[in-house]
Every structure is written in structure tokens, then in C-alpha cells.
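Let me begin by presenting the structure, written as C-alpha cells, before commenting on it.
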Amino acid sequence: MEQAASPARTVILTVDDDPGVSRAVARDLRRRYGESIVRAESGASALAALRELKLRGAPVAVIVADYRMPEMDGIEFLEQALDIHPGARRVLLTAYADTGAAIDAINVVDLDHYLLKPWEPPEEKLYPVLDDLLSAWRASDHRPVTVTKVVGHRWSARSSAVREFLARNQVPYRWYSSEDPEGRRLLCAAGEEGLRLPLVIAPDGTALVEPEDRELAARVGLATTPGTDFYDLVVIGGGPAGLGAAVYGASEGLRTVLLERSATGGQAGQSSRIENYLGFPDGVSGAQLTDRARRQASKFGAEILTAREVTGLEINGASRVVRFSDGSAVAAHAVILATGVSYRQLDAPHVSELTGCGVFYGSALTEAAACQDQDVYIVGGANSAGQAAIYLARSAKSVTLLVRGPSLSESMSHYLVQQVDEAPTISVRTNTVVDAAQGSGHLEQITVRETATGHTELLDAQWMFVFIGAAPLTDWLAGTVLRDSRGFILAGPDLTTDGRPPADWELDRPPYHLETNVPGVFVAGDARAESAKRVASAVGEGAMAVMLVHRYLEQS
């Protein structure tokens, strides 16, 4: 192993067990990036170098690892390297035959890129990739991370919610069970007996017991307070539509703030894998897509506020005032409603009290590891359910899809139906609903019913993930913005079905395509009536809404 670089220099580490390839990679990297290259010829020696660099305080920007290495392959190495230098960008070197492994690594180690060997000429195939990764690394905060600690219990609903909140907001944290020695030591140090969980220890050492999202967000470094009281554009909701609007609004010079009540990404951000999004032929996880969109919006100057619940919209002349649950407010020339939808609750006995204790809405990816070698039930038959089934089937003993309809093909994309059919550990029970859940403190059994025959069956179950449709988050708009009978927001042509604008419309033009009955207030994404309910269309509507905001501002 070559000597570790000086701590003053940004390091690129490369590891390959083939000495010739190792020297060639280091040579090409050194030619462009100077002396800050650390070369290793095994995973073990590379990990030793990373630990040494950590002790010295040397910032590691990029790690380039070969996939095929004896004793420890590139993915296994990157998993361990991630614990030492979580901020480093990760690149896997693969042969053409190993591209499948590289694609799997995107989810396993949040791989940033994979390169096919040979990478000649480096000016075309190597340097542009490294340049982009280094730029992204330098734009982020790459100081040593002080990790948040969470002490909780496996069957504590709030513990599960806190873990999900931190994970979806990409806040590094360590989980400690309240039953383990280290967890008990942390509880004792905080003067707690473990009767109220979770205990969250913030990076500054502050102990929080059962914290609400906003308090938690502020303590772990997420922005929660607006930088000013007036903007050109307020975007409400941080899903694909909201993030798309924030990117295009900020990049086109609008003072833009995005308000998100929980975590950016929306339902798409919880997806384990999106395979039909344009430009990602190998698929992309919802977390990856969200992270990139969030960083992109921030790069252009958009403010992103987390854990801010919006409760009202008021019209004050040319100003649109957005009110928060704490009584504060922010105003803007224009507003884009990108509030998305929330999963419908399963209306069956005892389900609500077991939510977070074996019953979960959405993918709850933080719970996936605990499902290893377990029997898992998924309620629903649309794309979200299929994506969760494929993801959980990697480690679960079995995954059973409980589908109300007669077949998956009625509600699930064809490519997902094929994957479900081909997965040996996934089974599908059609014409089946959940009538009840049972358990003391956590889910233990569910009662299912065949709708065609009425036959019921009691099944042992500790894990149930529910995807049974979605409802819009628009009740707070009642009396201000027109909605349909299901709560979805009406806009554009849907407001003028008889050729006339709404009764209270005061302008001499009809509403723009995504404009609501309130001039200057637009809607994008799943919250809009008759929207496509797809990631790509939501992003497109977010961009289109910004274009219409410009048109509105020019004519105001």
C-alpha cells in the first residue's frame, strides 16, 4: 500500500487486487489530480488506510473499488468503507459481465457511479465522472460527521417514526436497542428509565425524549425557519412535483422556498426502486433521486424547510400568505401546491393501535433489515406494493401480496408484474382483504377474507406493509381553493367545464392550465384532480407550473 496522503489534501483512494490495474488507475488519477492518491491492492489494506486517514483528519472525497477481489469483493469493501467515511463518493470498477452486481450496489451501498474496464481513454471515460463526483463532494458539507444516536424499542411506534424521519431526511444516525447494554448506558446517562422512547441524543449532546419532528429537525441540523418573510414563490410539498418546481423556480431567478411537513421525496422517496423513470435505465431508488433533486434545488439557491406543517392559505391583495401550525406565516407573489397524497388507512379492527408496531404504511425501508428470514405480508396491488415486495423478498423468508382485485395486471405496471411472478419467495393472493389485526403490543396475527367466497383465515404475522391507495392532503384548503368530491385540487380546464371561469374569478383571462380558482396559486403532481400519478409527470408539472408562474408575474 502506498503511504497515506497528507491530511491537508483531499484524498482519492483506489483499490484493486491486480497490481497492474491498480498502478494504471493510480497513474491516470495522479496525472489529473496530483499526489493525493492512495492506492491499495486488497480490501483489508484499503480499510486500514481509510482508518488511518480518519485518525489523521484527511478528507476522503472519492473511493474507487474493483468489484472482483478475493476475500472481500468491491461491494463488501464499500459497505465497510461507508461506515468510516460516509461522505466519500463511491465508484465501482466492473467488467461488462458484472454490471448486474454494480446495479445491485446502487441500493446496497448507495453507489454513485460504476465504470466499465477498460476506462480508456481516461479523458472521455474516467475524468468527467471523477470531476462531477469531486464537484458534488466539494459542494457538500464534508466535515467529520458527529452521528445522532437513537435509543428505542423494536415495537415502539414513535421509535420507528423517528428512524424513518431521520433516514428519509438522510441524517446519519446510530440505532441502539433499549434492551442492549449500550442502549441502557445511554438511557442512564440521560437520566431516563426507558419508559418513554425513543431517546434521541443530538450531535451536540442534547438528549431529546419522544421528540416531535420539528424539534428533532432543528437539533440535527435541518432548516426549519424561513430566511425572510416574503418570497417570489412558495412551494408547498417536497415530493417530485415540489422538488421539480423548486429546481426550476430557483434556477430561473425566483426567490424560492420549499415547505415540507416531513421529508422530501414524498411517496416516491420511499420507493426502494423506480425502474421506469426517464434517464435511469438501470433504475434508481427513491432516496437517491430525492437526494440529487434536493441538492440540485439547494445549489440554485432554493430554501428547503423541513417539519413545517402548513395549515392555511390567505389572499391579501397581490400577496399569498401561507400560515403554519405554530401561528407564524410566510408570504409570496405566487404559490405552487405540491402537497401530494398520503396512504389510505386500513379500516379494520386493531390496525390503528398496531401502526408502527408491525403495521406500516409505505415501504418503511428502515424496517427492512428486521424482516430478514421473516414472513411478510403486503396489502395492495399497485406499483408501490410491487416495488416493496421485490425489495423485501431479498431478505425475507416469504412475501405474500394480499390483493383486493382479481389480478395484479389491473393496477400494477407490466414490468413489475413480471418481476413478482419470477420471484420464488413472493406469492399473490387475489380477491383477498384484511378484516382484522391482532396482537399485544405488536402485530401477531391477521384475519384475511376471500371476497368471492367469504371464507376467513387467521394467519400468524409480525410484519404487514399497507399500500391501499392514497388520499390528498388538502383539507386545510377548504373554503379557499376548489376541490373535487375526493379532495383533489381543480385547476385549469377542470374549472371551466362549461366554458366559463369560476364564479369568483376576477381576471379577464381564463385560469392557466395548472392554475387554481385563486390567481397565482398553482397545483402540480398527485394533489391535482385527474393527475397521472407518476414520478415523471409530477416532475414535469412542477416545471410547467413554474413557467406559468412567470407568465402570471409578467401580467400582474
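Residues are named by chain letter and number: chains run A, B, ... in the order of the C-alpha cells, numbers start at 1 in each chain, and ligands are numbered from 1 in the order shown.
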Within 12 Å of Leu126 in chain A using only C-alpha atoms, minus same-chain residues under 5 positions, as number ranges by chain: A: 25-26, 28-29, 31-33, 64, 91-93, 113-121, 131-133
Using only C-alpha atoms, find each residue of range 403-504 of chain A with at least one atom at most 6 Å away from an atom of range 364-383 of chain A; report its shortest atom-to-atom pair and that distance in Å (one decimal), sort the rows by chain and rising residue number, and return the result as JSON lines.
```
{"residue": "A:Val403", "atom": "CA", "partner": "A:Gly380", "partner_atom": "CA", "distance": 5.2}
{"residue": "A:Leu408", "atom": "CA", "partner": "A:Gly381", "partner_atom": "CA", "distance": 5.7}
{"residue": "A:Ser411", "atom": "CA", "partner": "A:Ala382", "partner_atom": "CA", "distance": 4.9}
{"residue": "A:Met412", "atom": "CA", "partner": "A:Ala382", "partner_atom": "CA", "distance": 4.5}
{"residue": "A:Trp463", "atom": "CA", "partner": "A:Val376", "partner_atom": "CA", "distance": 5.2}
{"residue": "A:Met464", "atom": "CA", "partner": "A:Tyr377", "partner_atom": "CA", "distance": 4.7}
{"residue": "A:Phe465", "atom": "CA", "partner": "A:Ile378", "partner_atom": "CA", "distance": 4.8}
{"residue": "A:Val466", "atom": "CA", "partner": "A:Val379", "partner_atom": "CA", "distance": 4.7}
{"residue": "A:Phe467", "atom": "CA", "partner": "A:Gly380", "partner_atom": "CA", "distance": 4.8}
{"residue": "A:Ile468", "atom": "CA", "partner": "A:Gly380", "partner_atom": "CA", "distance": 5.0}
```
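With only C-alpha atoms as the atoms that count, the minimum distance from Val535 in chain A to the choices A:Leu195, A:Ala49, A:Val433, A:Leu243 is reached by A:Leu243.
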Using only C-alpha atoms, which of A:Gly265, A:Val150, A:Leu134, A:Thr480 sits nearest Arg320 in chain A?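 Among the listed residues, the smallest separation from Arg320 in chain A belongs to A:Thr480.
Restricting the calculation to only C-alpha atoms, the smallest distance between Thr264 in chain A and any of A:Gly283, A:Gly362, A:Pro240, A:Pro493 is found for A:Pro240.
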If you count only C-alpha atoms, which residues fall within 9 Å of Arg168 in chain A, apart from same-chain ones fewer than 5 positions away, as a list in words?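 Final neighbour list, sorted by chain and number: Arg163, Ser262, Ala263, Thr264, Gly265, Gly269, Gln270 and Ala287 of chain A.
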Restricting the calculation to only C-alpha atoms, which member of A:Val539, A:Ala348, A:Leu495, A:Val359 is positioned closest to Asp435 in chain A?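 Between A:Val539, A:Ala348, A:Leu495, A:Val359, the residue approaching Asp435 in chain A most closely is A:Ala348.
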Enumerate as number ranges by chain all residues of range 241-397 of chain A assigned to helix (DSSP H, G or I) by DSSP on the backbone, naming them with the chain letters and numbers the document uses. A: 241-251, 266-269, 286-299, 352-354, 365-371, 383-392
So the first atom is CA of Ile390 in chain A and the second is CA of Tyr277 in chain A; what is the distance between them in Å, to one decimal place?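 So the answer is 17.3 Å.
Proximity ranking of A:Gly279, A:Pro172, A:Gly194, A:Gly487 relative to Ala471 in chain A places A:Gly487 first, based on only C-alpha atoms.
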Do you know which residues are at most 12 Å from Ala189 in chain A counting only C-alpha atoms, after dropping those on the same chain fewer than 3 positions away, and could you put them as number ranges by chain? A: 151, 182-186, 192-194, 199, 201, 205-207
Would you write out those residues with N, CA, C and O atoms, as a PDB file, in the first residue's frame?
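The result, stored in selection_13.pdb:
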```pdb
ATOM      1  N   VAL A 151     -32.052   5.732  20.780  1.00  0.00           N
ATOM      2  CA  VAL A 151     -32.298   4.569  21.639  1.00  0.00           C
ATOM      3  C   VAL A 151     -33.795   4.314  21.632  1.00  0.00           C
ATOM      4  O   VAL A 151     -34.596   5.190  22.003  1.00  0.00           O
ATOM      5  N   GLU A 182     -25.401  -1.071  25.604  1.00  0.00           N
ATOM      6  CA  GLU A 182     -25.068   0.298  25.241  1.00  0.00           C
ATOM      7  C   GLU A 182     -26.297   1.187  25.269  1.00  0.00           C
ATOM      8  O   GLU A 182     -26.234   2.347  25.696  1.00  0.00           O
ATOM      9  N   GLY A 183     -27.434   0.659  24.853  1.00  0.00           N
ATOM     10  CA  GLY A 183     -28.670   1.421  24.928  1.00  0.00           C
ATOM     11  C   GLY A 183     -29.031   1.769  26.356  1.00  0.00           C
ATOM     12  O   GLY A 183     -29.449   2.897  26.654  1.00  0.00           O
ATOM     13  N   ARG A 184     -28.875   0.800  27.258  1.00  0.00           N
ATOM     14  CA  ARG A 184     -29.161   1.063  28.672  1.00  0.00           C
ATOM     15  C   ARG A 184     -28.194   2.091  29.252  1.00  0.00           C
ATOM     16  O   ARG A 184     -28.578   2.937  30.068  1.00  0.00           O
ATOM     17  N   ARG A 185     -26.919   2.043  28.825  1.00  0.00           N
ATOM     18  CA  ARG A 185     -25.945   3.023  29.314  1.00  0.00           C
ATOM     19  C   ARG A 185     -26.331   4.437  28.876  1.00  0.00           C
ATOM     20  O   ARG A 185     -26.213   5.398  29.642  1.00  0.00           O
ATOM     21  N   LEU A 186     -26.784   4.561  27.622  1.00  0.00           N
ATOM     22  CA  LEU A 186     -27.191   5.883  27.124  1.00  0.00           C
ATOM     23  C   LEU A 186     -28.427   6.396  27.864  1.00  0.00           C
ATOM     24  O   LEU A 186     -28.519   7.579  28.185  1.00  0.00           O
ATOM     25  N   GLU A 192     -32.865   8.621  32.138  1.00  0.00           N
ATOM     26  CA  GLU A 192     -34.126   8.020  31.730  1.00  0.00           C
ATOM     27  C   GLU A 192     -34.151   6.537  32.074  1.00  0.00           C
ATOM     28  O   GLU A 192     -33.108   5.872  32.081  1.00  0.00           O
ATOM     29  N   GLU A 193     -35.344   6.023  32.337  1.00  0.00           N
ATOM     30  CA  GLU A 193     -35.503   4.606  32.665  1.00  0.00           C
ATOM     31  C   GLU A 193     -35.979   3.786  31.478  1.00  0.00           C
ATOM     32  O   GLU A 193     -36.148   2.575  31.592  1.00  0.00           O
ATOM     33  N   GLY A 194     -36.233   4.436  30.352  1.00  0.00           N
ATOM     34  CA  GLY A 194     -36.690   3.706  29.176  1.00  0.00           C
ATOM     35  C   GLY A 194     -38.186   3.545  29.099  1.00  0.00           C
ATOM     36  O   GLY A 194     -38.691   2.807  28.245  1.00  0.00           O
ATOM     37  N   LEU A 199     -35.282   7.798  22.926  1.00  0.00           N
ATOM     38  CA  LEU A 199     -34.353   8.814  23.381  1.00  0.00           C
ATOM     39  C   LEU A 199     -33.452   9.141  22.199  1.00  0.00           C
ATOM     40  O   LEU A 199     -32.857   8.240  21.613  1.00  0.00           O
ATOM     41  N   ILE A 201     -30.182  11.397  21.073  1.00  0.00           N
ATOM     42  CA  ILE A 201     -29.058  12.211  21.520  1.00  0.00           C
ATOM     43  C   ILE A 201     -28.514  12.934  20.300  1.00  0.00           C
ATOM     44  O   ILE A 201     -27.956  12.320  19.387  1.00  0.00           O
ATOM     45  N   GLY A 205     -24.967  16.675  21.858  1.00  0.00           N
ATOM     46  CA  GLY A 205     -25.099  16.028  23.154  1.00  0.00           C
ATOM     47  C   GLY A 205     -26.434  16.237  23.838  1.00  0.00           C
ATOM     48  O   GLY A 205     -26.688  15.665  24.899  1.00  0.00           O
ATOM     49  N   THR A 206     -27.319  17.026  23.255  1.00  0.00           N
ATOM     50  CA  THR A 206     -28.638  17.260  23.842  1.00  0.00           C
ATOM     51  C   THR A 206     -29.483  15.986  23.780  1.00  0.00           C
ATOM     52  O   THR A 206     -29.563  15.332  22.745  1.00  0.00           O
ATOM     53  N   ALA A 207     -30.103  15.645  24.911  1.00  0.00           N
ATOM     54  CA  ALA A 207     -30.956  14.463  24.967  1.00  0.00           C
ATOM     55  C   ALA A 207     -32.404  14.867  24.762  1.00  0.00           C
ATOM     56  O   ALA A 207     -32.922  15.753  25.459  1.00  0.00           O
TER      57      ALA A 207
END
```
How many Å separate CA of Asp213 in chain A from CA of Val162 in chain A? 7.7 Å
Applying 7 Å and only C-alpha atoms, which residues near Phe522 in chain A remain after dropping the ones on its own chain fewer than 5 positions away? List them as a count of residues only. 7
Selected residue, from A:Asp180, A:Glu79, A:Asp291, A:Asp73, that lies nearest to Arg154 in chain A when counting only C-alpha atoms: A:Asp180
So which residues touch Thr451 in chain A within 8 Å, counting only C-alpha atoms, skipping near sequence neighbours fewer than 2 positions away, as a list of chain:residue names? A:Arg404, A:Asn431, A:Thr432, A:Val433, A:Arg449, A:Thr453, A:Gly454, A:His455
Restricted to all heavy atoms, what would the selected residues look like written as a short mmCIF file (atom, residue, chain, number, x, y, z; two decimals), in the first residue's frame?
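Once everything was written out, this is result00.cif:
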```
data_model
loop_
_atom_site.label_atom_id
_atom_site.label_comp_id
_atom_site.auth_asym_id
_atom_site.auth_seq_id
_atom_site.Cartn_x
_atom_site.Cartn_y
_atom_site.Cartn_z
N ARG A 404 -56.94 -6.99 -3.31
CA ARG A 404 -58.40 -6.99 -3.33
C ARG A 404 -58.95 -7.42 -4.69
O ARG A 404 -59.96 -8.11 -4.78
CB ARG A 404 -58.93 -5.59 -2.97
CG ARG A 404 -60.43 -5.46 -3.05
CD ARG A 404 -60.89 -4.05 -2.78
NE ARG A 404 -60.68 -3.66 -1.41
CZ ARG A 404 -61.57 -3.86 -0.43
NH1 ARG A 404 -62.72 -4.45 -0.70
NH2 ARG A 404 -61.31 -3.48 0.79
N ASN A 431 -58.31 -11.31 -4.73
CA ASN A 431 -59.65 -11.31 -4.14
C ASN A 431 -59.59 -11.52 -2.62
O ASN A 431 -60.42 -12.22 -2.04
CB ASN A 431 -60.53 -12.39 -4.78
CG ASN A 431 -60.72 -12.17 -6.27
OD1 ASN A 431 -61.03 -11.06 -6.70
ND2 ASN A 431 -60.50 -13.22 -7.06
N THR A 432 -58.60 -10.87 -1.99
CA THR A 432 -58.37 -11.09 -0.56
C THR A 432 -58.21 -9.75 0.15
O THR A 432 -57.52 -8.85 -0.34
CB THR A 432 -57.10 -11.94 -0.33
OG1 THR A 432 -57.24 -13.19 -1.01
CG2 THR A 432 -56.88 -12.18 1.16
N VAL A 433 -58.86 -9.61 1.31
CA VAL A 433 -58.76 -8.37 2.10
C VAL A 433 -58.42 -8.74 3.54
O VAL A 433 -58.61 -9.89 3.97
CB VAL A 433 -60.08 -7.56 2.07
CG1 VAL A 433 -60.39 -7.09 0.65
CG2 VAL A 433 -61.24 -8.38 2.63
N ARG A 449 -59.82 -12.38 4.44
CA ARG A 449 -61.09 -12.89 3.92
C ARG A 449 -61.06 -12.93 2.40
O ARG A 449 -60.63 -11.97 1.75
CB ARG A 449 -62.25 -12.03 4.38
CG ARG A 449 -63.60 -12.37 3.76
CD ARG A 449 -64.74 -11.61 4.45
NE ARG A 449 -64.47 -10.19 4.53
CZ ARG A 449 -64.79 -9.31 3.56
NH1 ARG A 449 -65.37 -9.73 2.45
NH2 ARG A 449 -64.54 -8.02 3.72
N THR A 453 -65.75 -15.88 -1.77
CA THR A 453 -66.42 -16.96 -1.03
C THR A 453 -66.82 -16.55 0.38
O THR A 453 -67.65 -17.20 1.00
CB THR A 453 -65.51 -18.19 -0.94
OG1 THR A 453 -64.34 -17.85 -0.17
CG2 THR A 453 -65.08 -18.65 -2.34
N GLY A 454 -66.20 -15.48 0.90
CA GLY A 454 -66.44 -15.10 2.28
C GLY A 454 -65.64 -15.88 3.28
O GLY A 454 -65.73 -15.65 4.50
N HIS A 455 -64.81 -16.81 2.82
CA HIS A 455 -64.00 -17.64 3.71
C HIS A 455 -62.95 -16.80 4.42
O HIS A 455 -62.27 -15.99 3.79
CB HIS A 455 -63.32 -18.76 2.91
CG HIS A 455 -62.34 -19.57 3.71
ND1 HIS A 455 -62.75 -20.47 4.67
CD2 HIS A 455 -60.97 -19.60 3.71
CE1 HIS A 455 -61.68 -21.03 5.21
NE2 HIS A 455 -60.59 -20.52 4.65
#
```
Members of range 434-476 of chain A assigned strand (DSSP E or B) by DSSP, as a ChimeraX atom specification: /A:434-438,445-450,456-460,463-466,470-472
Give me, please, the distance in Å between CA of Val235 in chain A and CA of Val546 in chain A, quoted to one decimal. 9.9 Å
